[in-house]
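Reading through the structure tokens given below for one structure.
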Amino acid sequence: MASIDETKQFIPLNIAVLTVSDTRALSDDKSGQTLADRLTAAGHRLAAREIVTDDVEAIRAVVRRWIADSGVDVVITTGGTGFTGRDVTPEAIEPLFEKRMDGFSIAFHMLSHAKIGTSTIQSRATAGVAGATYIFCLPGSPGACRDGWDGILAAQLDYRTRPCNFVEIMPRLDEHLRRPKAQGATA
């Protein structure tokens, strides 16, 4: 079971929150606000927060910008993970992944099943890594955002979590990009 190692110092991360919705504005974005409130309460910094429509290129443009931004360590999206015609977040984000994080989806569905039963299959929550940036795509409900943060992300984005966490491996996420130069290549 995971535990917190109190001898280690908490390391705040810069986390960007993207709400994918055709109908929300910042003033009534409960899911994005849930994530912003929880991550700042945990001691992290809200690096950016935006809302985009359910459009593949619009979603991809924001996430690409954040991946390229050295001031963003983690991107969390909310919305667009269902099955309707406008739900395109996985289609927009997954092609950006250098590595998929299949365990996130499994863990999210296990948590969600305990709360909403088989209705969890209506979500395509996904996650991965791109450009040394963690990306997590959550459903658009405040409850799903609470579950995803409280049940998975709060611990995995805390350097003190044992036996392991995402923070401790962050310095090595892009080692495959650095390796050619380290071997004398000019690329």
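Labeling convention for the structure tokens: chains A, B, ... as they appear, residues from 1 per chain, ligands from 1 in order of appearance.
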Using DSSP on the backbone coordinates, identify the residues of chain A assigned to alpha helix (DSSP H); present them as a PDB file with N, CA and C atoms, in the first residue's frame.
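Everything below was put into out-v9.pdb:
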```pdb
ATOM      1  N   LYS A  30     -17.162  23.962 -13.397  1.00  0.00           N
ATOM      2  CA  LYS A  30     -17.015  23.294 -12.101  1.00  0.00           C
ATOM      3  C   LYS A  30     -15.919  22.230 -12.104  1.00  0.00           C
ATOM      4  N   SER A  31     -15.770  21.518 -13.192  1.00  0.00           N
ATOM      5  CA  SER A  31     -14.749  20.465 -13.247  1.00  0.00           C
ATOM      6  C   SER A  31     -13.345  21.049 -13.239  1.00  0.00           C
ATOM      7  N   GLY A  32     -13.094  22.042 -14.074  1.00  0.00           N
ATOM      8  CA  GLY A  32     -11.787  22.697 -14.086  1.00  0.00           C
ATOM      9  C   GLY A  32     -11.478  23.351 -12.753  1.00  0.00           C
ATOM     10  N   GLN A  33     -12.502  23.944 -12.135  1.00  0.00           N
ATOM     11  CA  GLN A  33     -12.305  24.575 -10.828  1.00  0.00           C
ATOM     12  C   GLN A  33     -12.012  23.528  -9.754  1.00  0.00           C
ATOM     13  N   THR A  34     -12.673  22.397  -9.832  1.00  0.00           N
ATOM     14  CA  THR A  34     -12.403  21.302  -8.889  1.00  0.00           C
ATOM     15  C   THR A  34     -10.935  20.908  -8.951  1.00  0.00           C
ATOM     16  N   LEU A  35     -10.412  20.735 -10.157  1.00  0.00           N
ATOM     17  CA  LEU A  35      -9.009  20.359 -10.312  1.00  0.00           C
ATOM     18  C   LEU A  35      -8.082  21.470  -9.830  1.00  0.00           C
ATOM     19  N   ALA A  36      -8.370  22.708 -10.212  1.00  0.00           N
ATOM     20  CA  ALA A  36      -7.532  23.842  -9.794  1.00  0.00           C
ATOM     21  C   ALA A  36      -7.497  23.954  -8.272  1.00  0.00           C
ATOM     22  N   ASP A  37      -8.659  23.822  -7.640  1.00  0.00           N
ATOM     23  CA  ASP A  37      -8.727  23.916  -6.175  1.00  0.00           C
ATOM     24  C   ASP A  37      -7.935  22.791  -5.516  1.00  0.00           C
ATOM     25  N   ARG A  38      -8.088  21.588  -6.014  1.00  0.00           N
ATOM     26  CA  ARG A  38      -7.431  20.441  -5.386  1.00  0.00           C
ATOM     27  C   ARG A  38      -5.908  20.477  -5.569  1.00  0.00           C
ATOM     28  N   LEU A  39      -5.460  20.830  -6.749  1.00  0.00           N
ATOM     29  CA  LEU A  39      -4.014  20.822  -6.971  1.00  0.00           C
ATOM     30  C   LEU A  39      -3.327  21.942  -6.190  1.00  0.00           C
ATOM     31  N   THR A  40      -3.967  23.100  -6.076  1.00  0.00           N
ATOM     32  CA  THR A  40      -3.355  24.174  -5.291  1.00  0.00           C
ATOM     33  C   THR A  40      -3.436  23.868  -3.793  1.00  0.00           C
ATOM     34  N   ALA A  41      -4.517  23.247  -3.350  1.00  0.00           N
ATOM     35  CA  ALA A  41      -4.621  22.861  -1.937  1.00  0.00           C
ATOM     36  C   ALA A  41      -3.542  21.846  -1.569  1.00  0.00           C
ATOM     37  N   VAL A  56     -10.649  18.702 -32.296  1.00  0.00           N
ATOM     38  CA  VAL A  56      -9.358  18.021 -32.221  1.00  0.00           C
ATOM     39  C   VAL A  56      -8.205  19.003 -32.336  1.00  0.00           C
ATOM     40  N   GLU A  57      -8.221  19.853 -33.349  1.00  0.00           N
ATOM     41  CA  GLU A  57      -7.089  20.764 -33.561  1.00  0.00           C
ATOM     42  C   GLU A  57      -6.978  21.814 -32.460  1.00  0.00           C
ATOM     43  N   ALA A  58      -8.105  22.298 -31.936  1.00  0.00           N
ATOM     44  CA  ALA A  58      -8.061  23.288 -30.847  1.00  0.00           C
ATOM     45  C   ALA A  58      -7.485  22.668 -29.570  1.00  0.00           C
ATOM     46  N   ILE A  59      -7.909  21.461 -29.261  1.00  0.00           N
ATOM     47  CA  ILE A  59      -7.400  20.756 -28.079  1.00  0.00           C
ATOM     48  C   ILE A  59      -5.903  20.505 -28.243  1.00  0.00           C
ATOM     49  N   ARG A  60      -5.546  19.963 -29.386  1.00  0.00           N
ATOM     50  CA  ARG A  60      -4.154  19.616 -29.660  1.00  0.00           C
ATOM     51  C   ARG A  60      -3.242  20.845 -29.604  1.00  0.00           C
ATOM     52  N   ALA A  61      -3.709  21.972 -30.098  1.00  0.00           N
ATOM     53  CA  ALA A  61      -2.884  23.186 -30.119  1.00  0.00           C
ATOM     54  C   ALA A  61      -2.526  23.633 -28.706  1.00  0.00           C
ATOM     55  N   VAL A  62      -3.501  23.624 -27.809  1.00  0.00           N
ATOM     56  CA  VAL A  62      -3.232  24.036 -26.424  1.00  0.00           C
ATOM     57  C   VAL A  62      -2.289  23.048 -25.753  1.00  0.00           C
ATOM     58  N   VAL A  63      -2.558  21.763 -25.902  1.00  0.00           N
ATOM     59  CA  VAL A  63      -1.729  20.752 -25.238  1.00  0.00           C
ATOM     60  C   VAL A  63      -0.309  20.767 -25.805  1.00  0.00           C
ATOM     61  N   ARG A  64      -0.164  20.929 -27.099  1.00  0.00           N
ATOM     62  CA  ARG A  64       1.182  21.032 -27.691  1.00  0.00           C
ATOM     63  C   ARG A  64       1.942  22.236 -27.115  1.00  0.00           C
ATOM     64  N   ARG A  65       1.251  23.358 -26.981  1.00  0.00           N
ATOM     65  CA  ARG A  65       1.882  24.562 -26.421  1.00  0.00           C
ATOM     66  C   ARG A  65       2.365  24.283 -25.004  1.00  0.00           C
ATOM     67  N   TRP A  66       1.548  23.598 -24.204  1.00  0.00           N
ATOM     68  CA  TRP A  66       1.929  23.303 -22.830  1.00  0.00           C
ATOM     69  C   TRP A  66       3.045  22.267 -22.764  1.00  0.00           C
ATOM     70  N   ILE A  67       3.048  21.307 -23.674  1.00  0.00           N
ATOM     71  CA  ILE A  67       4.141  20.327 -23.714  1.00  0.00           C
ATOM     72  C   ILE A  67       5.465  21.048 -23.979  1.00  0.00           C
ATOM     73  N   ALA A  68       5.449  22.019 -24.851  1.00  0.00           N
ATOM     74  CA  ALA A  68       6.664  22.762 -25.216  1.00  0.00           C
ATOM     75  C   ALA A  68       7.093  23.764 -24.153  1.00  0.00           C
ATOM     76  N   THR A  89     -11.509  14.207 -27.117  1.00  0.00           N
ATOM     77  CA  THR A  89     -10.263  14.445 -26.379  1.00  0.00           C
ATOM     78  C   THR A  89      -9.246  13.324 -26.573  1.00  0.00           C
ATOM     79  N   PRO A  90      -9.596  12.048 -26.423  1.00  0.00           N
ATOM     80  CA  PRO A  90      -8.587  11.005 -26.660  1.00  0.00           C
ATOM     81  C   PRO A  90      -8.018  11.050 -28.085  1.00  0.00           C
ATOM     82  N   GLU A  91      -8.869  11.308 -29.067  1.00  0.00           N
ATOM     83  CA  GLU A  91      -8.395  11.379 -30.451  1.00  0.00           C
ATOM     84  C   GLU A  91      -7.417  12.539 -30.641  1.00  0.00           C
ATOM     85  N   ALA A  92      -7.635  13.622 -29.918  1.00  0.00           N
ATOM     86  CA  ALA A  92      -6.746  14.785 -30.012  1.00  0.00           C
ATOM     87  C   ALA A  92      -5.426  14.560 -29.291  1.00  0.00           C
ATOM     88  N   ILE A  93      -5.473  13.921 -28.136  1.00  0.00           N
ATOM     89  CA  ILE A  93      -4.305  13.841 -27.258  1.00  0.00           C
ATOM     90  C   ILE A  93      -3.452  12.586 -27.477  1.00  0.00           C
ATOM     91  N   ASP A 102      -1.258   3.046 -19.649  1.00  0.00           N
ATOM     92  CA  ASP A 102      -2.456   2.211 -19.587  1.00  0.00           C
ATOM     93  C   ASP A 102      -2.944   1.999 -18.155  1.00  0.00           C
ATOM     94  N   GLY A 103      -2.018   1.946 -17.212  1.00  0.00           N
ATOM     95  CA  GLY A 103      -2.398   1.731 -15.820  1.00  0.00           C
ATOM     96  C   GLY A 103      -3.284   2.830 -15.261  1.00  0.00           C
ATOM     97  N   PHE A 104      -3.154   4.054 -15.783  1.00  0.00           N
ATOM     98  CA  PHE A 104      -4.000   5.148 -15.304  1.00  0.00           C
ATOM     99  C   PHE A 104      -5.466   4.855 -15.621  1.00  0.00           C
ATOM    100  N   SER A 105      -5.730   4.473 -16.854  1.00  0.00           N
ATOM    101  CA  SER A 105      -7.106   4.175 -17.242  1.00  0.00           C
ATOM    102  C   SER A 105      -7.676   3.038 -16.394  1.00  0.00           C
ATOM    103  N   ILE A 106      -6.881   2.014 -16.179  1.00  0.00           N
ATOM    104  CA  ILE A 106      -7.332   0.880 -15.367  1.00  0.00           C
ATOM    105  C   ILE A 106      -7.631   1.333 -13.941  1.00  0.00           C
ATOM    106  N   ALA A 107      -6.699   2.073 -13.344  1.00  0.00           N
ATOM    107  CA  ALA A 107      -6.902   2.549 -11.970  1.00  0.00           C
ATOM    108  C   ALA A 107      -8.118   3.468 -11.889  1.00  0.00           C
ATOM    109  N   PHE A 108      -8.274   4.347 -12.881  1.00  0.00           N
ATOM    110  CA  PHE A 108      -9.425   5.255 -12.871  1.00  0.00           C
ATOM    111  C   PHE A 108     -10.725   4.465 -12.947  1.00  0.00           C
ATOM    112  N   HIS A 109     -10.783   3.475 -13.824  1.00  0.00           N
ATOM    113  CA  HIS A 109     -12.019   2.688 -13.951  1.00  0.00           C
ATOM    114  C   HIS A 109     -12.305   1.853 -12.708  1.00  0.00           C
ATOM    115  N   MET A 110     -11.270   1.377 -12.047  1.00  0.00           N
ATOM    116  CA  MET A 110     -11.488   0.643 -10.792  1.00  0.00           C
ATOM    117  C   MET A 110     -12.100   1.565  -9.737  1.00  0.00           C
ATOM    118  N   LEU A 111     -11.537   2.756  -9.595  1.00  0.00           N
ATOM    119  CA  LEU A 111     -12.077   3.742  -8.649  1.00  0.00           C
ATOM    120  C   LEU A 111     -13.509   4.117  -9.007  1.00  0.00           C
ATOM    121  N   SER A 112     -13.702   4.408 -10.275  1.00  0.00           N
ATOM    122  CA  SER A 112     -15.009   4.841 -10.752  1.00  0.00           C
ATOM    123  C   SER A 112     -16.054   3.731 -10.594  1.00  0.00           C
ATOM    124  N   HIS A 113     -15.675   2.502 -10.867  1.00  0.00           N
ATOM    125  CA  HIS A 113     -16.618   1.389 -10.733  1.00  0.00           C
ATOM    126  C   HIS A 113     -17.126   1.268  -9.304  1.00  0.00           C
ATOM    127  N   ALA A 114     -16.246   1.501  -8.346  1.00  0.00           N
ATOM    128  CA  ALA A 114     -16.649   1.421  -6.940  1.00  0.00           C
ATOM    129  C   ALA A 114     -17.702   2.477  -6.601  1.00  0.00           C
ATOM    130  N   LYS A 115     -17.738   3.574  -7.353  1.00  0.00           N
ATOM    131  CA  LYS A 115     -18.684   4.658  -7.069  1.00  0.00           C
ATOM    132  C   LYS A 115     -19.910   4.658  -7.969  1.00  0.00           C
ATOM    133  N   ILE A 116     -19.714   4.374  -9.276  1.00  0.00           N
ATOM    134  CA  ILE A 116     -20.845   4.475 -10.198  1.00  0.00           C
ATOM    135  C   ILE A 116     -21.153   3.178 -10.934  1.00  0.00           C
ATOM    136  N   PRO A 142     -17.487  17.000 -12.302  1.00  0.00           N
ATOM    137  CA  PRO A 142     -16.710  17.312 -11.098  1.00  0.00           C
ATOM    138  C   PRO A 142     -16.410  16.064 -10.265  1.00  0.00           C
ATOM    139  N   GLY A 143     -17.345  15.125 -10.208  1.00  0.00           N
ATOM    140  CA  GLY A 143     -17.128  13.902  -9.453  1.00  0.00           C
ATOM    141  C   GLY A 143     -15.975  13.080 -10.009  1.00  0.00           C
ATOM    142  N   ALA A 144     -15.909  12.969 -11.327  1.00  0.00           N
ATOM    143  CA  ALA A 144     -14.812  12.231 -11.956  1.00  0.00           C
ATOM    144  C   ALA A 144     -13.482  12.934 -11.712  1.00  0.00           C
ATOM    145  N   CYS A 145     -13.497  14.266 -11.718  1.00  0.00           N
ATOM    146  CA  CYS A 145     -12.269  15.023 -11.440  1.00  0.00           C
ATOM    147  C   CYS A 145     -11.823  14.828  -9.991  1.00  0.00           C
ATOM    148  N   ARG A 146     -12.784  14.843  -9.074  1.00  0.00           N
ATOM    149  CA  ARG A 146     -12.454  14.572  -7.665  1.00  0.00           C
ATOM    150  C   ARG A 146     -11.870  13.172  -7.517  1.00  0.00           C
ATOM    151  N   ASP A 147     -12.519  12.186  -8.128  1.00  0.00           N
ATOM    152  CA  ASP A 147     -12.052  10.804  -8.028  1.00  0.00           C
ATOM    153  C   ASP A 147     -10.655  10.649  -8.616  1.00  0.00           C
ATOM    154  N   GLY A 148     -10.440  11.208  -9.794  1.00  0.00           N
ATOM    155  CA  GLY A 148      -9.147  11.102 -10.447  1.00  0.00           C
ATOM    156  C   GLY A 148      -8.038  11.768  -9.644  1.00  0.00           C
ATOM    157  N   ALA A 154      -3.241  12.799  -6.784  1.00  0.00           N
ATOM    158  CA  ALA A 154      -2.677  13.437  -5.581  1.00  0.00           C
ATOM    159  C   ALA A 154      -1.472  12.650  -5.071  1.00  0.00           C
ATOM    160  N   ALA A 155      -1.566  11.352  -5.041  1.00  0.00           N
ATOM    161  CA  ALA A 155      -0.451  10.524  -4.552  1.00  0.00           C
ATOM    162  C   ALA A 155       0.669  10.424  -5.582  1.00  0.00           C
ATOM    163  N   GLN A 156       0.324  10.179  -6.829  1.00  0.00           N
ATOM    164  CA  GLN A 156       1.360   9.978  -7.835  1.00  0.00           C
ATOM    165  C   GLN A 156       2.114  11.257  -8.193  1.00  0.00           C
ATOM    166  N   GLU A 175      15.220  11.303 -21.255  1.00  0.00           N
ATOM    167  CA  GLU A 175      16.575  10.805 -21.461  1.00  0.00           C
ATOM    168  C   GLU A 175      16.773  10.216 -22.858  1.00  0.00           C
ATOM    169  N   HIS A 176      15.706   9.705 -23.460  1.00  0.00           N
ATOM    170  CA  HIS A 176      15.811   9.190 -24.826  1.00  0.00           C
ATOM    171  C   HIS A 176      16.078  10.322 -25.819  1.00  0.00           C
ATOM    172  N   LEU A 177      15.676  11.530 -25.484  1.00  0.00           N
ATOM    173  CA  LEU A 177      15.933  12.679 -26.352  1.00  0.00           C
ATOM    174  C   LEU A 177      17.364  13.186 -26.184  1.00  0.00           C
ATOM    175  N   ARG A 178      17.909  13.044 -24.994  1.00  0.00           N
ATOM    176  CA  ARG A 178      19.263  13.511 -24.708  1.00  0.00           C
ATOM    177  C   ARG A 178      20.325  12.488 -25.107  1.00  0.00           C
ATOM    178  N   ARG A 179      19.959  11.223 -25.150  1.00  0.00           N
ATOM    179  CA  ARG A 179      20.939  10.152 -25.349  1.00  0.00           C
ATOM    180  C   ARG A 179      21.792  10.342 -26.601  1.00  0.00           C
ATOM    181  N   PRO A 180      21.249  10.693 -27.785  1.00  0.00           N
ATOM    182  CA  PRO A 180      22.124  10.829 -28.950  1.00  0.00           C
ATOM    183  C   PRO A 180      23.226  11.873 -28.739  1.00  0.00           C
ATOM    184  N   LYS A 181      22.920  12.985 -28.106  1.00  0.00           N
ATOM    185  CA  LYS A 181      23.930  14.007 -27.869  1.00  0.00           C
ATOM    186  C   LYS A 181      24.958  13.507 -26.868  1.00  0.00           C
ATOM    187  N   ALA A 182      24.514  12.759 -25.888  1.00  0.00           N
ATOM    188  CA  ALA A 182      25.439  12.233 -24.894  1.00  0.00           C
ATOM    189  C   ALA A 182      26.424  11.256 -25.524  1.00  0.00           C
TER     190      ALA A 182
END
```
Open item on the list: Applying 9 Å and only C-alpha atoms, which residues near Glu168 (chain A) remain after dropping the ones on its own chain fewer than 6 positions away? List them as a count of residues only.
Closed with: 3
TODO: For Lys99 (chain A), work out the shell of residues within 8 Å, counting only C-alpha atoms and skipping chain neighbours fewer than 5 positions away, then give it as a VMD selection string.
DONE: chain A and resid 128 to 130
- [ ] Between CA of Leu26 (chain A) and CA of Leu96 (chain A), measure the distance and give it in Å to one decimal.
- [x] 25.7 Å
TODO: Quick one: everything within 7 Å of Ala125 (chain A), counting only C-alpha atoms, minus sequence neighbours fewer than 6 positions away in the same chain. Send it as a PyMOL selection string.
DONE: chain A and resi 81+105+137-139
Atoms to include: N, CA, C and O atoms. Write the selected residues as an mmCIF file, in the first residue's frame.
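The resulting file, out-v8.cif, is shown below:
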```cif
data_model
loop_
_atom_site.group_PDB
_atom_site.id
_atom_site.type_symbol
_atom_site.label_atom_id
_atom_site.label_comp_id
_atom_site.auth_asym_id
_atom_site.auth_seq_id
_atom_site.Cartn_x
_atom_site.Cartn_y
_atom_site.Cartn_z
ATOM 1 N N THR A 81 -14.277 12.845 -23.044
ATOM 2 C CA THR A 81 -13.806 11.450 -23.023
ATOM 3 C C THR A 81 -14.932 10.433 -23.197
ATOM 4 O O THR A 81 -14.704 9.239 -23.049
ATOM 5 N N SER A 105 -5.730 4.473 -16.854
ATOM 6 C CA SER A 105 -7.106 4.175 -17.242
ATOM 7 C C SER A 105 -7.676 3.038 -16.394
ATOM 8 O O SER A 105 -8.810 3.110 -15.923
ATOM 9 N N CYS A 137 -6.143 12.669 -18.984
ATOM 10 C CA CYS A 137 -7.430 13.081 -19.542
ATOM 11 C C CYS A 137 -8.554 12.453 -18.722
ATOM 12 O O CYS A 137 -8.731 11.233 -18.740
ATOM 13 N N LEU A 138 -9.281 13.314 -18.021
ATOM 14 C CA LEU A 138 -10.376 12.883 -17.153
ATOM 15 C C LEU A 138 -11.720 13.224 -17.777
ATOM 16 O O LEU A 138 -11.815 14.157 -18.587
ATOM 17 N N PRO A 139 -12.771 12.527 -17.377
ATOM 18 C CA PRO A 139 -14.111 12.895 -17.819
ATOM 19 C C PRO A 139 -14.485 14.304 -17.344
ATOM 20 O O PRO A 139 -13.807 14.886 -16.494
#
```
Task: Polymer residues at most 6 Å from Val20 (chain A), only C-alpha atoms, same-chain spacing of 4 or more positions, as a VMD selection string - done: chain A and resid 51 to 54 79 to 80
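The coordinates place CA of Thr77 (chain A) at 16.1 Å from CA of Asp28 (chain A).
Nearest-residue note for Asp73 (chain A): choosing from A:Asn14, A:Ser27, A:Thr126, A:Thr19, the minimum distance belongs to A:Asn14, counting only C-alpha atoms.
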- [ ] Could you check which of A:Phe97, A:Ile121, A:Phe83, A:Asp29 is closest to Ser141 (chain A), using only C-alpha atoms?
- [x]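 Smallest separation from Ser141 (chain A) among the options: A:Asp29.
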Task: CA of Arg124 (chain A) to CA of Asp87 (chain A), straight-line distance in Å - done: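 The value is 9.5 Å.
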- [ ] Check region 42-181 of chain A with DSSP on the backbone and list each residue it calls strand (DSSP E), as a list in words.
- [x]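 Strand (DSSP E) members of region 42-181 of chain A, listed: Arg45, Leu46, Ala47, Ala48, Arg49, Glu50, Ile51, Val52, Val74, Val75, Ile76, Thr77, Thr78, Lys99, Arg100, Thr126, Ala127, Gly128, Val129, Ala130, Thr133, Tyr134, Ile135, Phe136, Cys137, Leu138, Thr161 and Arg162 of chain A.
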Open item on the list: Restricting the calculation to only C-alpha atoms: of A:Pro95, A:Trp149, A:Ile15, A:Asp174, which residue gets closest to Gly131 (chain A)?
Closed with: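 The answer is A:Asp174, which sits nearest to Gly131 (chain A).
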Open item on the list: I need the residue nearest Leu46 (chain A) from this list: A:Thr78, A:Pro12, A:Asp22, A:Arg162. Use only C-alpha atoms for the distance.
Closed with: A:Pro12
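Distance annotation: of A:Gly151, A:Gly43, A:Pro171, A:Gly82, the residue with the minimal separation from Ala2 (chain A) is A:Gly151; atom set is only C-alpha atoms.
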